[in-house]
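Participant: After the structure tokens below, expect a handful of questions from me.
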Amino acid sequence: VLGALAVRLQGLRPTLMPEPFEMLVGSICAQQVNLTFAFSLRAALVRRFGMCLRVGGETVYVFPEPAVLARARVSELRAMLAAAVKTIQKRGVDALTLRGVGENLGVSRTALYRHFANKEALLGAVAHEGFRKLRKELFEAWDLSGRGREGFEAMGWAYVRFAMRHPSHYRVMFGGVLRSGAAALPPGDKTVDAFGVLVGALVELQGERLVREDP
């Protein structure tokens, strides 16, 4: 059936992306540090601004339309996260509402829902930001201390410092407040994989026979 087309279109590499805009965004993301980071960056963009659907019991995301991304304001998003963290720190997770965050910032409800579908989504973003911070601090402690046993011990102290410096983030990350699948951390996103940094350090220590291997 495809014989005639194979001759006419020899050498053609069809794109896996259905729309030119999605292809353009993918190309821009691919210019980043490496492909792993590029895919993580693109996935985070889709999860943040794309429509969330449930298909066959799984959560999938539709690539956002150009108009949706055009309305996004990075400074607005950062301000919302900061306001949410401040509310959690002062009054606890239960007191956090999208309406309250909007009133504190003086922005409309439309602006809020442009970024977050509900409170769970906002809490998910707070946790996402927290895991990024924790991963960065753990890796820096490990790397700047020369790795090895000293580096691993430094990671432990970095974890304690993070909990003390960022109690609101810590509470959302490890306090059991995230329940829905939509608010869960994205799988495969290396930028938030703080646990992966710990595992990587342990594997390196095992390779150097500084700690015992798993039984």
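In the structure tokens, chains take the letters A, B, ... in the order shown, each chain's residues start at 1, and ligands count up from 1 in the order shown.
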Can I get the residues of range 2-103 of chain A within 12 Å of range 162-169 of chain A, each with the closest pair of atoms and their distance in Å to one decimal, using only C-alpha atoms, sorted chain first then ascending number, as a Markdown table?
Facilitator:
```
| residue | atom | partner | partner_atom | distance |
| --- | --- | --- | --- | --- |
| A:Leu81 | CA | A:His169 | CA | 10.3 |
| A:Ala82 | CA | A:Ser168 | CA | 10.4 |
| A:Ala83 | CA | A:Ser168 | CA | 11.2 |
| A:Ala84 | CA | A:Ser168 | CA | 9.0 |
| A:Val85 | CA | A:Ser168 | CA | 5.8 |
| A:Lys86 | CA | A:Ser168 | CA | 7.7 |
| A:Thr87 | CA | A:Ser168 | CA | 8.7 |
| A:Ile88 | CA | A:Ser168 | CA | 5.7 |
| A:Gln89 | CA | A:Ser168 | CA | 5.2 |
| A:Lys90 | CA | A:Ser168 | CA | 9.0 |
| A:Arg91 | CA | A:Ser168 | CA | 10.1 |
| A:Gly92 | CA | A:Ser168 | CA | 8.2 |
| A:Val93 | CA | A:Ser168 | CA | 8.5 |
| A:Leu96 | CA | A:Ser168 | CA | 11.5 |
```
Participant: Any idea what's packed within 12 Å of Gly148 in chain A, counting only C-alpha atoms, ignoring anything in its chain fewer than 4 positions away? Could you give it as a list in words?
Facilitator: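 Using only C-alpha atoms, the neighbours found are Ala141, Trp142, Asp143, Leu144, Phe152, Glu153, Ala154, Met155, Gly200, Ala201, Leu202, Val203, Glu204, Leu205, Gln206, Gly207, Glu208, Arg209, Leu210 and Val211 of chain A.
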Participant: Could you work out how far CA of Val192 in chain A lies from CA of His128 in chain A, giving the answer in Å with one decimal?
Facilitator: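 Distance between the two atoms: 6.6 Å.
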Participant: Extract, using only C-alpha atoms, all DNA, RNA and protein residues at most 12 Å from Leu77 in chain A, discarding same-chain residues fewer than 3 positions from it, and format them as a PyMOL selection string.
Facilitator: chain A and resi 48-49+71-74+80-84+101-102+105+107+111-116+122+125-126+129
Participant: Write out as a list in words all residues of chain A that DSSP puts in strand (DSSP E) for this structure's backbone.
Facilitator: Met51, Cys52, Leu53, Arg54, Val55, Glu58, Thr59, Val60, Tyr61 and Val62 of chain A
Participant: Restricted to N, CA and C atoms, what would the selected residues look like written as a CSV table (one decimal), in the first residue's frame?
Facilitator:
```csv
chain,number,residue,atom,x,y,z
A,51,MET,N,-3.9,21.1,29.0
A,51,MET,CA,-5.1,20.6,29.6
A,51,MET,C,-4.9,19.2,30.1
A,52,CYS,N,-5.3,18.9,31.3
A,52,CYS,CA,-5.1,17.6,31.9
A,52,CYS,C,-6.4,16.8,31.7
A,53,LEU,N,-6.1,15.5,31.2
A,53,LEU,CA,-7.2,14.6,30.9
A,53,LEU,C,-7.0,13.3,31.5
A,54,ARG,N,-8.0,12.5,31.8
A,54,ARG,CA,-7.9,11.2,32.2
A,54,ARG,C,-8.3,10.2,31.1
A,55,VAL,N,-7.4,9.4,30.7
A,55,VAL,CA,-7.7,8.4,29.6
A,55,VAL,C,-7.3,7.0,30.0
A,58,GLU,N,-5.4,6.7,33.2
A,58,GLU,CA,-4.1,7.4,33.2
A,58,GLU,C,-4.3,8.9,33.0
A,59,THR,N,-3.4,9.7,33.6
A,59,THR,CA,-3.4,11.2,33.4
A,59,THR,C,-2.5,11.5,32.2
A,60,VAL,N,-3.1,12.2,31.3
A,60,VAL,CA,-2.3,12.7,30.1
A,60,VAL,C,-2.6,14.2,29.9
A,61,TYR,N,-1.6,14.9,29.2
A,61,TYR,CA,-1.7,16.3,29.0
A,61,TYR,C,-1.7,16.6,27.6
A,62,VAL,N,-2.6,17.6,27.2
A,62,VAL,CA,-2.6,18.1,25.8
A,62,VAL,C,-1.7,19.3,25.7
```
Participant: Would you work out the distance separating CA of Lys136 in chain A from CA of Arg212 in chain A, expressed in Å to one decimal?
Facilitator: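 Value for the CA of Lys136 in chain A-CA of Arg212 in chain A distance: 26.2 Å.
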Participant: Run DSSP on the backbone of this structure and report the residues of chain A it assigns to alpha helix (DSSP H), as a ChimeraX atom specification.
Facilitator: /A:3-8,20-29,35-49,66-70,74-91,98-105,109-113,119-144,148-165,167-174,194-207
Participant: Have a look at CA of Gly26 in chain A and CA of Arg42 in chain A and let me know their distance in Å, one decimal.
Facilitator: 6.8 Å
Participant: Find the residue from A:Leu98, A:Lys133, A:Leu45, A:Leu5 that sits nearest to Ala121 in chain A; use only C-alpha atoms when measuring.
Facilitator: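 Among A:Leu98, A:Lys133, A:Leu45, A:Leu5, it is A:Leu98 that comes nearest to Ala121 in chain A.
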Participant: Name the residues in contact with Glu120 in chain A at a cut-off of 7 Å, using only C-alpha atoms, excluding same-chain residues fewer than 2 positions from it; report them as number ranges by chain.
Facilitator: A: 118, 122-124, 178, 183
Participant: Please list as a list in words every residue within 9 Å of Phe21 in chain A, counting only C-alpha atoms and excluding residues in the same chain fewer than 4 positions away.
Facilitator: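 Close residues of Phe21 in chain A: Val25, Gly26, Glu65 and Pro66 of chain A.
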